[in-house]
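Asker: Before anything else, here's the structure in question.
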Amino acid sequence: MGAIAKAMQDVRQRIAAAVATAQRAPDSVRLLAVSKTFPAAAVIEAHQAGQTAFGESYVQEAVAKIAEVSAALGAHTALEWHFIGPIQSNKTRPIAEQFDWVHSVDRLKIAERLAAARPAGRPPLNVCLQVNIGDEASKGGVAPDEAIALAHRIAALPGLWLRGLMAIPRPTTDVAEQRAQFRQLRELFDRARAEGLALDTLSMGMSDDLEAAIMEGSTLVRVGSAIFGARAKKTTEGKT
Ligand SMILES: *Cc1c(COP(=O)(O)O)cnc(C)c1O
């Protein structure tokens with residue numbers, strides 16, 4: 001078994017163990033493999049190990065990789081591509097054209113541009129609203145107290161299907177603090193649903209904190225380094 005296949009097996013076991021501890025249904029948490037900075041060959045290896053959903057953060061890199069993977073696997077093999085990085089308004093068109101999901105929508109203008117650029121004949125673009133639960137000035141995400149109002153406006157846009165909420169919490173090794181942050185997003189999710197928004201996706205948890213996220217109700221964990229290995233720092237794209 002290759003390194004990626006072995007790592008995928010380990011991550012799936014971690015998810016299964018956390019789901020069991022949380023006494024949740026076995027299929028209640030999806031795994032998104034975050035392949036940013038890794039080559040098409042790594043995506044293909046993960047796909048051969050049964051993975052179909054992949055996350056990318058940099059538009060140019062992703063567009064090239066999607067083309068390369070599609071050419072290698074053939075048109076009959078449809079992977080699901082999720083955009084999870086910061087969105088510049090001049091990059092909304094390739095995102096709306098090439099991706100199935102976007103997790104990092106945090107303002108109306110971006111949602112409107114994605115909706116307008118979604119090609120007719122494609123299913124609606126699945127969208128999560130990114131919420132800044134850690135309250136860090138440097139991170140993307142709408143403020144928690146503005147999230148539900150924004151969610152209502154995004155849910156009304158044609159071409160998009162608002163599926164849920166996403167957060168990247170403040171990094172910490174303190175599991176209680178990890179859980180407290182994830183709980184904040186979960187409570188917002190519950191409130192949005194109580195207000196009539198038909199959300200089904202709580203995108204939270206990464207390589208180092210997926211257990212805490214699953215304990216707090218995550219339905220989709222975004223896992224990169226635990227599958228593909230350590231990433232080199234990426235500094236060139238997204239700064240213009
Ligand atoms: C890179 C990234 C991940 C994956 O992080 P790991 O710690 O490598 O698992 C998850 N979510 C987002 C938004 C990311 O940018």
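Ordering of the structure tokens sets the chain letters (A, B, ...); residue numbers start at 1 within each chain; ligands are numbered from 1 in the order shown.
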Please provide as a count of residues only all residues within 12 Å of Met1 (chain A), with the sequence filter that same-chain residues fewer than 6 positions apart are discarded (counting only C-alpha atoms).
Answerer: 7
Asker: What's the 12 Å shell around Ser70 (chain A), counting only C-alpha atoms, without same-chain residues fewer than 2 positions away, as a PDB file with C-alpha atoms, in the first residue's frame?
Answerer:
ATOM      1  CA  ALA A  40      -2.172  15.727  -9.475  1.00  0.00           C
ATOM      2  CA  ALA A  41      -0.429  12.381  -8.866  1.00  0.00           C
ATOM      3  CA  VAL A  43      -4.940  13.259  -5.954  1.00  0.00           C
ATOM      4  CA  ILE A  44      -4.948  10.245  -8.258  1.00  0.00           C
ATOM      5  CA  HIS A  47      -8.711   8.522  -5.570  1.00  0.00           C
ATOM      6  CA  ALA A  62      -6.429  24.179  -8.694  1.00  0.00           C
ATOM      7  CA  VAL A  63      -7.524  24.886 -12.269  1.00  0.00           C
ATOM      8  CA  ALA A  64      -4.350  23.304 -13.645  1.00  0.00           C
ATOM      9  CA  LYS A  65      -4.657  20.321 -11.310  1.00  0.00           C
ATOM     10  CA  ILE A  66      -8.331  19.711 -12.099  1.00  0.00           C
ATOM     11  CA  ALA A  67      -7.499  19.603 -15.816  1.00  0.00           C
ATOM     12  CA  GLU A  68      -4.578  17.255 -15.253  1.00  0.00           C
ATOM     13  CA  ALA A  72      -5.651  11.213 -16.426  1.00  0.00           C
ATOM     14  CA  LEU A  73      -8.832   9.662 -15.021  1.00  0.00           C
ATOM     15  CA  GLY A  74     -11.096  10.248 -18.011  1.00  0.00           C
ATOM     16  CA  ALA A  75     -14.396  12.076 -18.285  1.00  0.00           C
ATOM     17  CA  HIS A  76     -16.356   9.166 -16.792  1.00  0.00           C
ATOM     18  CA  THR A  77     -14.647   9.624 -13.403  1.00  0.00           C
ATOM     19  CA  ALA A  78     -16.191  12.634 -11.736  1.00  0.00           C
ATOM     20  CA  LEU A  79     -14.381  13.907  -8.671  1.00  0.00           C
ATOM     21  CA  GLU A  80     -15.948  16.519  -6.419  1.00  0.00           C
ATOM     22  CA  TRP A  81     -13.860  19.699  -6.083  1.00  0.00           C
ATOM     23  CA  GLN A  98     -14.680  24.570 -12.081  1.00  0.00           C
TER      24      GLN A  98
END
Asker: List the spatial neighbours of Gly121 (chain A) as a short mmCIF file (atom, residue, chain, number, x, y, z; two decimals) with C-alpha atoms, in the first residue's frame - criterion: any atom at most 12 Å away, only C-alpha atoms, same-chain residues fewer than 4 positions off excluded.
Answerer:
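The result, stored in part_30.cif:
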data_model
loop_
_atom_site.label_atom_id
_atom_site.label_comp_id
_atom_site.auth_asym_id
_atom_site.auth_seq_id
_atom_site.Cartn_x
_atom_site.Cartn_y
_atom_site.Cartn_z
CA GLU A 97 -17.03 27.24 -13.43
CA ALA A 117 -20.84 33.19 -13.03
CA LEU A 125 -22.89 25.69 -6.68
CA GLY A 159 -27.34 29.45 -8.95
#
Asker: May I ask for the distance between CA of Leu129 (chain A) and CA of Val105 (chain A), given in Å to one decimal place?
Answerer: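 Computing it gives 5.0 Å between the two atoms.
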Asker: Separation of CA of Cys128 (chain A) and CA of Arg170 (chain A), in Å?
Answerer: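 Computed distance, CA of Cys128 (chain A) to CA of Arg170 (chain A), equals 18.9 Å.
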Asker: Report as CSV: every residue of chain A with an atom at most 7 Å from ligand 1, its closest pair of atoms, and their distance in Å to one decimal, counting only C-alpha atoms and all ligand atoms, with rows sorted by chain and ascending residue number.
Answerer:
residue,atom,partner,partner_atom_place_in_ligand_line,distance
A:Val34,CA,ligand 1,4 (C),5.5
A:Lys36,CA,ligand 1,1 (C),6.8
A:Ser57,CA,ligand 1,15 (O),6.0
A:Ile84,CA,ligand 1,13 (C),4.9
A:Gly85,CA,ligand 1,15 (O),5.6
A:Ile168,CA,ligand 1,13 (C),6.3
A:Met206,CA,ligand 1,9 (O),4.2
A:Ser207,CA,ligand 1,9 (O),3.6
A:Asp208,CA,ligand 1,7 (O),6.1
A:Arg222,CA,ligand 1,10 (C),4.6
A:Val223,CA,ligand 1,9 (O),3.7
A:Gly224,CA,ligand 1,8 (O),3.5
A:Ser225,CA,ligand 1,8 (O),3.7
A:Ala226,CA,ligand 1,9 (O),6.0
Asker: Please save N, CA and C atoms of the selected residues as an mmCIF file, in the first residue's frame.
Answerer:
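Generated output (selection.cif):
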data_model
loop_
_atom_site.group_PDB
_atom_site.id
_atom_site.type_symbol
_atom_site.label_atom_id
_atom_site.label_comp_id
_atom_site.auth_asym_id
_atom_site.auth_seq_id
_atom_site.Cartn_x
_atom_site.Cartn_y
_atom_site.Cartn_z
ATOM 1 N N VAL A 34 -7.721 17.520 1.482
ATOM 2 C CA VAL A 34 -7.222 18.834 1.065
ATOM 3 C C VAL A 34 -5.878 18.665 0.365
ATOM 4 N N LYS A 36 -4.285 20.867 -1.666
ATOM 5 C CA LYS A 36 -3.548 22.091 -2.031
ATOM 6 C C LYS A 36 -2.048 21.890 -1.854
ATOM 7 N N SER A 57 -7.141 25.476 -2.330
ATOM 8 C CA SER A 57 -7.179 26.838 -1.789
ATOM 9 C C SER A 57 -6.678 27.914 -2.733
ATOM 10 N N ILE A 84 -11.718 26.048 -0.842
ATOM 11 C CA ILE A 84 -11.742 26.347 0.596
ATOM 12 C C ILE A 84 -10.865 27.538 0.966
ATOM 13 N N GLY A 85 -10.284 28.209 -0.036
ATOM 14 C CA GLY A 85 -9.350 29.298 0.249
ATOM 15 C C GLY A 85 -10.000 30.667 0.199
ATOM 16 N N ILE A 168 -12.505 28.141 10.488
ATOM 17 C CA ILE A 168 -11.119 27.759 10.780
ATOM 18 C C ILE A 168 -10.800 28.383 12.134
ATOM 19 N N MET A 206 -9.835 19.772 11.110
ATOM 20 C CA MET A 206 -8.720 19.567 10.194
ATOM 21 C C MET A 206 -7.826 18.460 10.774
ATOM 22 N N SER A 207 -6.613 18.319 10.244
ATOM 23 C CA SER A 207 -5.765 17.197 10.665
ATOM 24 C C SER A 207 -5.580 17.127 12.177
ATOM 25 N N ASP A 208 -5.390 18.280 12.820
ATOM 26 C CA ASP A 208 -5.018 18.267 14.236
ATOM 27 C C ASP A 208 -6.192 18.342 15.211
ATOM 28 N N ARG A 222 -12.014 18.640 6.915
ATOM 29 C CA ARG A 222 -11.118 19.016 5.806
ATOM 30 C C ARG A 222 -9.694 18.652 6.211
ATOM 31 N N VAL A 223 -9.173 17.566 5.633
ATOM 32 C CA VAL A 223 -7.910 17.013 6.122
ATOM 33 C C VAL A 223 -6.850 17.023 5.027
ATOM 34 N N GLY A 224 -5.771 17.736 5.294
ATOM 35 C CA GLY A 224 -4.679 17.833 4.330
ATOM 36 C C GLY A 224 -3.442 17.075 4.769
ATOM 37 N N SER A 225 -2.692 17.653 5.713
ATOM 38 C CA SER A 225 -1.375 17.099 6.040
ATOM 39 C C SER A 225 -1.430 15.678 6.579
ATOM 40 N N ALA A 226 -2.493 15.297 7.269
ATOM 41 C CA ALA A 226 -2.565 13.926 7.782
ATOM 42 C C ALA A 226 -2.698 12.901 6.655
#
Asker: May I have a table of the residues of region 98-157 of chain A lying at most 10 Å from region 183-194 of chain A, giving each one's closest pair of atoms and their distance in Å to one decimal, counting only C-alpha atoms, ordered by chain and ascending residue number, as JSON lines?
Answerer:
{"residue": "A:Gln130", "atom": "CA", "partner": "A:Leu185", "partner_atom": "CA", "distance": 9.9}
{"residue": "A:Val131", "atom": "CA", "partner": "A:Leu185", "partner_atom": "CA", "distance": 7.6}
{"residue": "A:Asn132", "atom": "CA", "partner": "A:Leu185", "partner_atom": "CA", "distance": 9.1}
{"residue": "A:Ile133", "atom": "CA", "partner": "A:Leu185", "partner_atom": "CA", "distance": 6.8}
{"residue": "A:Gly134", "atom": "CA", "partner": "A:Gln184", "partner_atom": "CA", "distance": 9.5}
{"residue": "A:Pro144", "atom": "CA", "partner": "A:Leu188", "partner_atom": "CA", "distance": 7.6}
{"residue": "A:Asp145", "atom": "CA", "partner": "A:Leu188", "partner_atom": "CA", "distance": 9.0}
{"residue": "A:Ala147", "atom": "CA", "partner": "A:Leu188", "partner_atom": "CA", "distance": 8.2}
{"residue": "A:Ile148", "atom": "CA", "partner": "A:Ala192", "partner_atom": "CA", "distance": 6.0}
{"residue": "A:Ala149", "atom": "CA", "partner": "A:Ala192", "partner_atom": "CA", "distance": 9.2}
{"residue": "A:Ala151", "atom": "CA", "partner": "A:Ala192", "partner_atom": "CA", "distance": 8.1}
{"residue": "A:His152", "atom": "CA", "partner": "A:Ala192", "partner_atom": "CA", "distance": 8.8}
Asker: Extract the full set of helix (DSSP H, G or I) residues from chain A according to DSSP on the backbone, and format it as a VMD selection string.
Answerer: chain A and resid 3 to 21 40 to 48 59 to 73 89 to 98 108 to 117 144 to 155 175 to 194 210 to 215 225 to 228
Asker: When you count only C-alpha atoms, which of these residues is closest to Ala198 (chain A): A:Val59, A:Glu177, A:Asp135, A:Ala155?
Answerer: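 The shortest atom-to-atom distance to Ala198 (chain A) comes from A:Ala155.
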Asker: Taking only region 17-222 of chain A into account, list the residues labelled strand (DSSP E) by DSSP (computed from the backbone), as an NGL selection string.
Answerer: :A and (30-34 or 53-56 or 80-83 or 101-105 or 125-130 or 160-166 or 201-203 or 220-222)
